[in-house]
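Inspection log for the structure reproduced underneath, given as structure tokens.
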Amino acid sequence: MKKRWIAGLFAGAMVISAFTACGNAGSSTGETSAAQAEAKENQPVDESGDPSAFGKYEDPVTVEVVQSINPSLPLPEGDSTTDNFYTRYIKENMNIDIKVKWQTSSSDYSQKLNLAIASNDLPDILVVGESEFKKLIKSDLIEDLTPYYEKYASDTIKDNIDKTDGKAIANASVDGKMYGLPSVQAEADGYNLMWIRQDWLDELGLEAPETVEDLENVAKAFADNNMGGDNTIGILGPTVNSRLYNDFISSSNNMNNLDGIFQAYKSWPGFWVEDEDGNAVYGSITDETKTALGELQKMYKDGILDQEIGVRKDADEAWKSGKAGILFSPWWFGYNVKDCLANDPNAEWKAYAAPLAEDGKWYAKLGGVGGSYCVVRKGYEHPEAAILLNNFLRKDEGKFAQETTLDAGFYPGRVVITPVDECAYSVELLRKKMNGEEADDYDPVNYKIMDTDLASLDTCFKNGYDDLSIENWNIDDMNFGRLYSLLMGTGAQVDAEESGELERTYSLIYSQTATMEKKWANLKKKEDEVFLKIIIGEADLDSFDTFVEEWKAEGGDEITKEVQESVNQ
């Protein structure tokens, strides 16, 4: 039975496309130049006729896109993929007509995208991940956006990208050419907080766990006392095909992961870090990772770690239905708390910066910049449209939150470009107002939802701000999920930093080297399989040593050398 579990885990993430350079890109160079030369006569301009970051085309421009959409988020009645709040806004402000080439769920997007790349059947503008970005550049299928970024990118977008100390531009560029508009996300998306059923703790008279030993004891108490009914899950694991931990390629926004436990052992699986001699080492092959895997194996054997790890089809359903007591997720887990309250109005999830390492520190693996990029098909007549779409989005995103409930995923060409400190700064201002202080000295464009957040304090709480327990929240308020996430989730991170407990760990790189492009898929597949086997006891802990030897021999040593060379540059 367990062997089938192993075979299923991460299968969806290992889509590998047969990729060949297509002749179409090279054969259309003359046509491309003529078309783009003609398009220069129709540029986005302001009222005075000058090119502008917030300009409008005189003649209509058509942009074909593809979209990754959550199927559980339907369009409002009467709307369509090409006629909705966002497309109407885009037409009115930019004179751009949106055409949707295809649309699919987030789980199928990567596979369909790789097929489109392999057949050179691309839309005009699309959003891609790190691996697809590299393929597109290598095969000369996307435009150099450097001149369009310099001419049209808004000051807000440039400011946020500049605040990454050149990393965002470097990740998006090859040989000095910028091939995509990179995402810049709030640092908070990388923190994996311990979310726990506070009402269960209170009922059992227990304190929130601070150490791994405490975590084990609390999880055992939850399971032994059947706090979620029969087969209560002490510590929840990820959904099948999801990640056990963040890695340097997908370094944030990972729900129900096990990073919180690895970090307590100063283990950084999936990240490239420095060893004690200052040399690059892959965190998944260190002694600390072996120790953490041994602890997870013990937790599984004792029945306090999710017994369906590796095969659970929907980890979210497990906690929403009240079966799980502890999980590790980012700050935005609070957006979903209302789903659990629908099943149990007394359920109270609270976030903690835990468990701590032996030195009393809370270690956190944090992502870099990039990860997703808005790119333009080679030969498209209006490459600047990709920049324009994101300029307007960034300018009016706060207004959108007040005017529509339509999911942001429907906005064409969207990449997240936000201040890295957005969440922590928002908590700071919210707490100021809660303490009776002035909280109005901020940039409403960069901190785009701050107006709504501050105004929502008065409607989200029933009896003032002194009591943050769930019974004092108005869960029917439309901004409940966000404020709960910020104050309870990011609030725990902010408190850890103020107390001196927080220690950040970054990967040395967040993109692939040349040898990775050839060998990483197989190496990562082996890593995922071996680690899961160790955790569920199908392999003994010493098999980790064999894995390390094979990993090094099958390309790991060569890749490590390339990473070191990259760091030394």
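Here's how to read the names in the structure tokens: chain A, B, ... by the order shown, residue numbers from 1 in each chain, ligand numbers from 1 in the order shown.
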
Can you tell me, as a CSV table (one decimal) with all heavy atoms, in the first residue's frame, what residues are no more than 12 Å from A:Glu317 when counting only C-alpha atoms, ignoring any on the same chain fewer than 2 positions away?
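The new file result.csv reads:
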chain,number,residue,atom,x,y,z
A,236,LEU,N,-0.8,18.1,10.9
A,236,LEU,CA,-1.2,17.8,9.5
A,236,LEU,C,-0.1,17.9,8.5
A,236,LEU,O,0.8,18.7,8.7
A,236,LEU,CB,-2.3,18.8,9.1
A,236,LEU,CG,-3.0,18.6,7.8
A,236,LEU,CD1,-3.8,17.3,7.7
A,236,LEU,CD2,-4.0,19.8,7.5
A,237,GLY,N,-0.1,17.1,7.5
A,237,GLY,CA,0.9,17.1,6.4
A,237,GLY,C,0.2,17.7,5.1
A,237,GLY,O,-1.0,17.9,5.1
A,238,PRO,N,1.0,17.8,4.1
A,238,PRO,CA,0.5,18.4,2.8
A,238,PRO,C,-0.3,17.5,2.0
A,238,PRO,O,-0.3,16.3,2.2
A,238,PRO,CB,1.8,18.7,2.1
A,238,PRO,CG,2.8,17.7,2.5
A,238,PRO,CD,2.5,17.5,4.0
A,239,THR,N,-1.1,18.1,1.1
A,239,THR,CA,-1.9,17.4,0.2
A,239,THR,C,-1.0,16.6,-0.8
A,239,THR,O,0.1,17.1,-1.1
A,239,THR,CB,-2.8,18.4,-0.6
A,239,THR,OG1,-3.7,18.9,0.3
A,239,THR,CG2,-3.5,17.7,-1.8
A,256,ASN,N,0.4,23.8,4.7
A,256,ASN,CA,0.4,22.4,5.4
A,256,ASN,C,1.7,21.7,5.1
A,256,ASN,O,1.8,20.5,4.9
A,256,ASN,CB,-0.8,21.6,4.8
A,256,ASN,CG,-2.1,22.2,5.0
A,256,ASN,OD1,-2.4,22.8,6.0
A,256,ASN,ND2,-2.9,22.2,4.0
A,312,ARG,N,-2.8,12.0,1.1
A,312,ARG,CA,-4.1,12.8,1.4
A,312,ARG,C,-4.4,13.7,0.3
A,312,ARG,O,-3.7,14.5,-0.2
A,312,ARG,CB,-3.8,13.6,2.7
A,312,ARG,CG,-5.1,14.3,3.2
A,312,ARG,CD,-4.9,15.0,4.5
A,312,ARG,NE,-4.6,14.1,5.6
A,312,ARG,CZ,-5.5,13.4,6.2
A,312,ARG,NH1,-6.8,13.5,5.8
A,312,ARG,NH2,-5.2,12.6,7.2
A,313,LYS,N,-5.6,13.5,-0.2
A,313,LYS,CA,-6.1,14.2,-1.4
A,313,LYS,C,-6.4,15.7,-1.1
A,313,LYS,O,-6.3,16.5,-2.0
A,313,LYS,CB,-7.3,13.5,-2.1
A,313,LYS,CG,-6.9,12.2,-2.6
A,313,LYS,CD,-8.1,11.5,-3.3
A,313,LYS,CE,-7.8,10.2,-3.9
A,313,LYS,NZ,-8.9,9.5,-4.6
A,314,ASP,N,-6.8,16.0,0.1
A,314,ASP,CA,-7.2,17.3,0.4
A,314,ASP,C,-6.9,17.6,1.9
A,314,ASP,O,-7.7,17.4,2.8
A,314,ASP,CB,-8.7,17.5,0.1
A,314,ASP,CG,-9.1,19.0,0.2
A,314,ASP,OD1,-8.3,19.8,0.7
A,314,ASP,OD2,-10.3,19.3,-0.1
A,315,ALA,N,-5.7,18.2,2.1
A,315,ALA,CA,-5.4,18.5,3.5
A,315,ALA,C,-6.2,19.6,4.1
A,315,ALA,O,-6.5,19.6,5.3
A,315,ALA,CB,-3.9,18.9,3.6
A,319,TRP,N,-8.5,20.0,8.1
A,319,TRP,CA,-8.6,21.0,9.2
A,319,TRP,C,-9.9,21.7,9.2
A,319,TRP,O,-10.4,22.1,10.2
A,319,TRP,CB,-7.4,21.9,9.1
A,319,TRP,CG,-7.3,22.8,8.0
A,319,TRP,CD1,-6.5,22.7,6.9
A,319,TRP,CD2,-7.9,24.1,7.9
A,319,TRP,NE1,-6.7,23.8,6.0
A,319,TRP,CE2,-7.5,24.6,6.6
A,319,TRP,CE3,-8.8,24.8,8.6
A,319,TRP,CZ2,-8.0,25.9,6.1
A,319,TRP,CZ3,-9.3,26.1,8.2
A,319,TRP,CH2,-8.8,26.6,6.9
A,320,LYS,N,-10.4,21.9,8.0
A,320,LYS,CA,-11.7,22.7,7.9
A,320,LYS,C,-12.8,21.9,8.6
A,320,LYS,O,-13.8,22.4,9.2
A,320,LYS,CB,-12.1,22.9,6.4
A,320,LYS,CG,-11.3,24.0,5.8
A,320,LYS,CD,-11.6,24.2,4.3
A,320,LYS,CE,-10.8,25.3,3.7
A,320,LYS,NZ,-11.1,25.5,2.2
A,321,SER,N,-12.8,20.5,8.5
A,321,SER,CA,-13.8,19.7,9.1
A,321,SER,C,-13.5,19.4,10.6
A,321,SER,O,-14.3,18.7,11.3
A,321,SER,CB,-13.8,18.3,8.4
A,321,SER,OG,-12.6,17.6,8.5
A,322,GLY,N,-12.4,20.0,11.1
A,322,GLY,CA,-12.1,19.9,12.5
A,322,GLY,C,-11.4,18.6,12.9
A,322,GLY,O,-11.3,18.3,14.1
A,323,LYS,N,-10.7,18.0,12.0
A,323,LYS,CA,-9.9,16.8,12.3
A,323,LYS,C,-8.5,17.0,12.8
A,323,LYS,O,-7.9,16.2,13.4
A,323,LYS,CB,-9.9,15.8,11.1
A,323,LYS,CG,-11.3,15.4,10.6
A,323,LYS,CD,-11.9,14.4,11.6
A,323,LYS,CE,-11.2,13.1,11.6
A,323,LYS,NZ,-11.8,12.1,12.6
A,324,ALA,N,-7.9,18.2,12.4
A,324,ALA,CA,-6.5,18.4,12.7
A,324,ALA,C,-6.3,19.5,13.7
A,324,ALA,O,-7.1,20.5,13.8
A,324,ALA,CB,-5.8,18.8,11.4
A,336,ASN,N,-8.8,31.6,5.5
A,336,ASN,CA,-9.6,30.4,5.3
A,336,ASN,C,-10.3,29.9,6.6
A,336,ASN,O,-11.0,29.0,6.7
A,336,ASN,CB,-8.8,29.2,4.8
A,336,ASN,CG,-8.0,29.6,3.5
A,336,ASN,OD1,-8.6,30.0,2.6
A,336,ASN,ND2,-6.7,29.5,3.6
A,337,VAL,N,-10.0,30.6,7.7
A,337,VAL,CA,-10.5,30.2,9.1
A,337,VAL,C,-12.0,30.1,9.1
A,337,VAL,O,-12.6,29.3,9.8
A,337,VAL,CB,-9.9,31.1,10.2
A,337,VAL,CG1,-10.7,31.0,11.4
A,337,VAL,CG2,-8.5,30.8,10.4
A,339,ASP,N,-14.0,29.0,7.0
A,339,ASP,CA,-14.5,27.7,6.6
A,339,ASP,C,-14.6,26.6,7.7
A,339,ASP,O,-15.5,25.8,7.8
A,339,ASP,CB,-13.6,27.1,5.5
A,339,ASP,CG,-13.7,27.9,4.2
A,339,ASP,OD1,-14.7,28.5,4.0
A,339,ASP,OD2,-12.7,28.0,3.5
A,340,CYS,N,-13.6,26.7,8.6
A,340,CYS,CA,-13.6,25.8,9.8
A,340,CYS,C,-14.7,26.3,10.8
A,340,CYS,O,-15.4,25.4,11.4
A,340,CYS,CB,-12.3,25.9,10.5
A,340,CYS,SG,-12.1,24.7,11.9
A,343,ASN,N,-18.2,24.8,10.4
A,343,ASN,CA,-18.4,23.5,10.9
A,343,ASN,C,-18.4,23.5,12.5
A,343,ASN,O,-19.1,22.7,13.1
A,343,ASN,CB,-17.3,22.5,10.4
A,343,ASN,CG,-17.4,22.3,8.9
A,343,ASN,OD1,-18.5,22.0,8.4
A,343,ASN,ND2,-16.3,22.4,8.2

Using 7 Å as the limit and counting only C-alpha atoms, can you tabulate each residue of stretch 145-214 of chain A that touches stretch 349-353 of chain A, with its shortest atom-to-atom distance in Å and the two atoms involved, as a tab-separated table?
residue	atom	partner	partner_atom	distance
A:Leu193	CA	A:Ala353	CA	5.5
A:Met194	CA	A:Tyr352	CA	5.2
A:Trp195	CA	A:Ala351	CA	4.3
A:Ile196	CA	A:Trp349	CA	5.4
A:Arg197	CA	A:Trp349	CA	4.7
A:Gln198	CA	A:Trp349	CA	5.7

Output of the above residues as a compact mmCIF listing (two decimals), in the first residue's frame, restricted to N, CA, C and O atoms:
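File again-v5.txt, as written:
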# COMPACT_ATOMS: atom_id res chain seq x y z
N LEU A 193 4.36 29.67 9.85
CA LEU A 193 3.95 29.77 11.25
C LEU A 193 3.28 28.49 11.71
O LEU A 193 2.71 27.75 10.92
N MET A 194 3.34 28.25 13.00
CA MET A 194 2.60 27.13 13.59
C MET A 194 1.20 27.62 13.94
O MET A 194 1.02 28.44 14.83
N TRP A 195 0.20 27.14 13.20
CA TRP A 195 -1.19 27.44 13.49
C TRP A 195 -1.76 26.29 14.31
O TRP A 195 -1.58 25.11 13.95
N ILE A 196 -2.43 26.60 15.41
CA ILE A 196 -2.88 25.57 16.34
C ILE A 196 -4.29 25.87 16.83
O ILE A 196 -4.70 27.04 16.92
N ARG A 197 -5.03 24.82 17.15
CA ARG A 197 -6.38 24.98 17.69
C ARG A 197 -6.27 25.45 19.14
O ARG A 197 -6.09 24.67 20.07
N GLN A 198 -6.38 26.76 19.32
CA GLN A 198 -6.27 27.36 20.65
C GLN A 198 -7.39 26.87 21.57
O GLN A 198 -7.16 26.68 22.78

Please report, as a PyMOL selection string, each residue of stretch 208-344 of chain A to which DSSP assigns alpha helix (DSSP H) when run on this structure's backbone. chain A and resi 212-224+259-263+287-301+315-320+337-343

Shortest interatomic distance to A:Asn192 - which of A:Met255, A:Val218, A:Leu73, A:Ala455, counting only C-alpha atoms: A:Met255

Env of stretch 125-142 of chain A: 9 Å cut, atoms = only C-alpha atoms, seq-sep filter 2 positions within chain, self excluded. Answer as number ranges by chain. A: 19-22, 25-26, 63-67, 110, 113-114, 117, 120, 122-123, 144-145, 172, 174, 179-180, 249-250, 370-380, 383, 385-386, 412-415, 510-512, 517

Selection: 10 Å around A:His382, only C-alpha atoms, excl. self and same-chain fewer than 5 positions, as a VMD selection string: chain A and resid 35 to 36 39 to 40 42 to 44 61 to 63 124 to 125 148 376 to 377

Please identify all polymer residues within 10 Å of A:Ala292, counting only C-alpha atoms, omitting same-chain residues fewer than 3 positions from it, and present them as a list of chain:residue names.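 That gives A:Ile261, A:Phe262, A:Gln263, A:Ala264, A:Tyr265, A:Lys266, A:Ser267, A:Trp268, A:Pro269, A:Asp287, A:Glu288, A:Thr289, A:Glu295, A:Leu296, A:Gln297, A:Lys298, A:Ile535.
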
Determine which residues of stretch 127-363 of chain A receive a DSSP assignment of strand (DSSP E), computed from the backbone, and state them as a VMD selection string. chain A and resid 127 to 129 173 to 174 177 to 178 181 to 182 193 to 197 233 to 235 272 to 274 280 to 282 324 to 329 349 to 352 362 to 363

Identify, on the basis of only C-alpha atoms, every residue whose closest approach to A:Ile309 does not exceed 12 Å; exclude the query and any residue fewer than 4 positions from it along the same chain; express the result as a PyMOL selection string. chain A and resi 2+5-6+8-10+233+235-244+256-258+296-297+299-300+303-305+313-315+318+531-537

How about saving the chosen residues, N, CA, C and O atoms kept, as a compact mmCIF listing (two decimals), in the first residue's frame?
# COMPACT_ATOMS: atom_id res chain seq x y z
N LYS A 2 1.88 1.31 0.88
CA LYS A 2 2.72 2.49 0.98
C LYS A 2 3.50 2.74 -0.30
O LYS A 2 3.82 3.87 -0.62
N TRP A 5 1.64 4.88 -2.37
CA TRP A 5 1.70 6.24 -1.83
C TRP A 5 2.90 6.98 -2.42
O TRP A 5 2.80 8.10 -2.87
N ILE A 6 4.04 6.32 -2.38
CA ILE A 6 5.28 6.94 -2.84
C ILE A 6 5.16 7.30 -4.32
O ILE A 6 5.54 8.37 -4.75
N GLY A 8 2.63 8.03 -6.03
CA GLY A 8 1.72 9.13 -6.29
C GLY A 8 2.23 10.47 -5.86
O GLY A 8 1.86 11.49 -6.43
N LEU A 9 3.09 10.51 -4.86
CA LEU A 9 3.50 11.80 -4.30
C LEU A 9 4.28 12.63 -5.31
O LEU A 9 5.19 12.15 -5.96
N PHE A 10 3.87 13.86 -5.44
CA PHE A 10 4.55 14.85 -6.30
C PHE A 10 4.51 14.50 -7.79
O PHE A 10 5.20 15.12 -8.58
N ILE A 233 -5.96 14.13 13.87
CA ILE A 233 -4.63 14.36 13.30
C ILE A 233 -3.90 15.37 14.19
O ILE A 233 -4.32 16.53 14.27
N ILE A 235 -0.58 16.57 13.90
CA ILE A 235 0.12 17.51 13.03
C ILE A 235 -0.21 17.15 11.58
O ILE A 235 0.08 16.04 11.12
N LEU A 236 -0.80 18.07 10.87
CA LEU A 236 -1.24 17.82 9.50
C LEU A 236 -0.08 17.92 8.51
O LEU A 236 0.82 18.74 8.68
N GLY A 237 -0.12 17.08 7.48
CA GLY A 237 0.87 17.13 6.41
C GLY A 237 0.24 17.66 5.14
O GLY A 237 -0.96 17.95 5.08
N PRO A 238 1.03 17.81 4.07
CA PRO A 238 0.53 18.41 2.83
C PRO A 238 -0.35 17.48 2.02
O PRO A 238 -0.33 16.27 2.17
N THR A 239 -1.12 18.10 1.14
CA THR A 239 -1.91 17.37 0.16
C THR A 239 -0.97 16.65 -0.80
O THR A 239 0.14 17.10 -1.07
N VAL A 240 -1.42 15.50 -1.33
CA VAL A 240 -0.61 14.77 -2.31
C VAL A 240 -0.25 15.72 -3.47
O VAL A 240 -1.04 16.56 -3.87
N ASN A 241 0.96 15.59 -3.98
CA ASN A 241 1.52 16.43 -5.04
C ASN A 241 1.93 17.81 -4.57
O ASN A 241 2.40 18.62 -5.36
N SER A 242 1.77 18.10 -3.28
CA SER A 242 2.27 19.36 -2.73
C SER A 242 3.65 19.14 -2.14
O SER A 242 4.15 18.01 -2.08
N ARG A 243 4.26 20.22 -1.66
CA ARG A 243 5.64 20.15 -1.19
C ARG A 243 5.73 19.87 0.31
O ARG A 243 4.96 20.43 1.09
N LEU A 244 6.68 19.01 0.71
CA LEU A 244 6.94 18.80 2.12
C LEU A 244 7.56 20.05 2.73
O LEU A 244 7.40 20.32 3.92
N ASN A 256 0.37 23.77 4.72
CA ASN A 256 0.39 22.45 5.36
C ASN A 256 1.72 21.73 5.14
O ASN A 256 1.76 20.52 4.89
N ASN A 257 2.81 22.47 5.23
CA ASN A 257 4.13 21.89 5.00
C ASN A 257 4.78 21.51 6.33
O ASN A 257 4.19 21.67 7.39
N LEU A 258 6.01 21.00 6.25
CA LEU A 258 6.72 20.57 7.45
C LEU A 258 7.96 21.42 7.73
O LEU A 258 8.81 21.05 8.53
N LEU A 296 10.80 13.36 12.41
CA LEU A 296 9.54 13.20 11.70
C LEU A 296 9.14 11.73 11.61
O LEU A 296 7.96 11.38 11.72
N GLN A 297 10.14 10.86 11.42
CA GLN A 297 9.87 9.42 11.41
C GLN A 297 9.30 8.97 12.74
O GLN A 297 8.34 8.19 12.81
N MET A 299 7.67 10.89 14.93
CA MET A 299 6.33 11.45 15.05
C MET A 299 5.31 10.60 14.29
O MET A 299 4.19 10.36 14.77
N TYR A 300 5.70 10.16 13.10
CA TYR A 300 4.79 9.33 12.31
C TYR A 300 4.54 7.99 13.00
O TYR A 300 3.39 7.53 13.10
N GLY A 303 2.17 8.14 15.76
CA GLY A 303 0.79 8.44 15.38
C GLY A 303 0.39 9.89 15.53
O GLY A 303 -0.80 10.22 15.40
N ILE A 304 1.35 10.79 15.78
CA ILE A 304 0.97 12.19 15.96
C ILE A 304 1.18 13.02 14.69
O ILE A 304 0.67 14.12 14.59
N LEU A 305 1.91 12.47 13.72
CA LEU A 305 2.05 13.12 12.41
C LEU A 305 1.07 12.46 11.45
O LEU A 305 0.88 11.23 11.49
N LYS A 313 -5.64 13.51 -0.23
CA LYS A 313 -6.07 14.24 -1.42
C LYS A 313 -6.42 15.68 -1.14
O LYS A 313 -6.34 16.54 -2.02
N ASP A 314 -6.83 15.97 0.09
CA ASP A 314 -7.22 17.34 0.41
C ASP A 314 -6.92 17.62 1.88
O ASP A 314 -7.74 17.35 2.76
N ALA A 315 -5.74 18.15 2.13
CA ALA A 315 -5.36 18.46 3.50
C ALA A 315 -6.23 19.58 4.08
O ALA A 315 -6.52 19.61 5.27
N ALA A 318 -9.23 18.38 5.85
CA ALA A 318 -8.97 17.76 7.16
C ALA A 318 -9.07 18.78 8.29
O ALA A 318 -9.64 18.51 9.34
N PHE A 531 12.80 10.89 1.08
CA PHE A 531 12.40 11.57 2.30
C PHE A 531 11.05 11.07 2.79
O PHE A 531 10.85 10.86 3.99
N LEU A 532 10.12 10.87 1.89
CA LEU A 532 8.81 10.37 2.31
C LEU A 532 8.92 8.95 2.85
O LEU A 532 8.29 8.60 3.86
N LYS A 533 9.72 8.11 2.18
CA LYS A 533 9.90 6.74 2.67
C LYS A 533 10.48 6.72 4.08
O LYS A 533 10.06 5.92 4.92
N ILE A 534 11.44 7.60 4.34
CA ILE A 534 12.03 7.67 5.67
C ILE A 534 10.98 8.10 6.68
O ILE A 534 10.84 7.50 7.76
N ILE A 535 10.20 9.12 6.37
CA ILE A 535 9.21 9.65 7.31
C ILE A 535 8.18 8.59 7.67
O ILE A 535 7.84 8.41 8.85
N ILE A 536 7.67 7.85 6.70
CA ILE A 536 6.62 6.86 6.99
C ILE A 536 7.19 5.50 7.40
O ILE A 536 6.44 4.55 7.60
N GLY A 537 8.52 5.41 7.51
CA GLY A 537 9.13 4.20 8.02
C GLY A 537 9.32 3.09 7.01
O GLY A 537 9.68 1.97 7.37

Excluding same-chain residues fewer than 4 positions from A:Asn160, what lies within 7 Å of it counting only C-alpha atoms, as a VMD selection string? chain A and resid 156 417 to 419
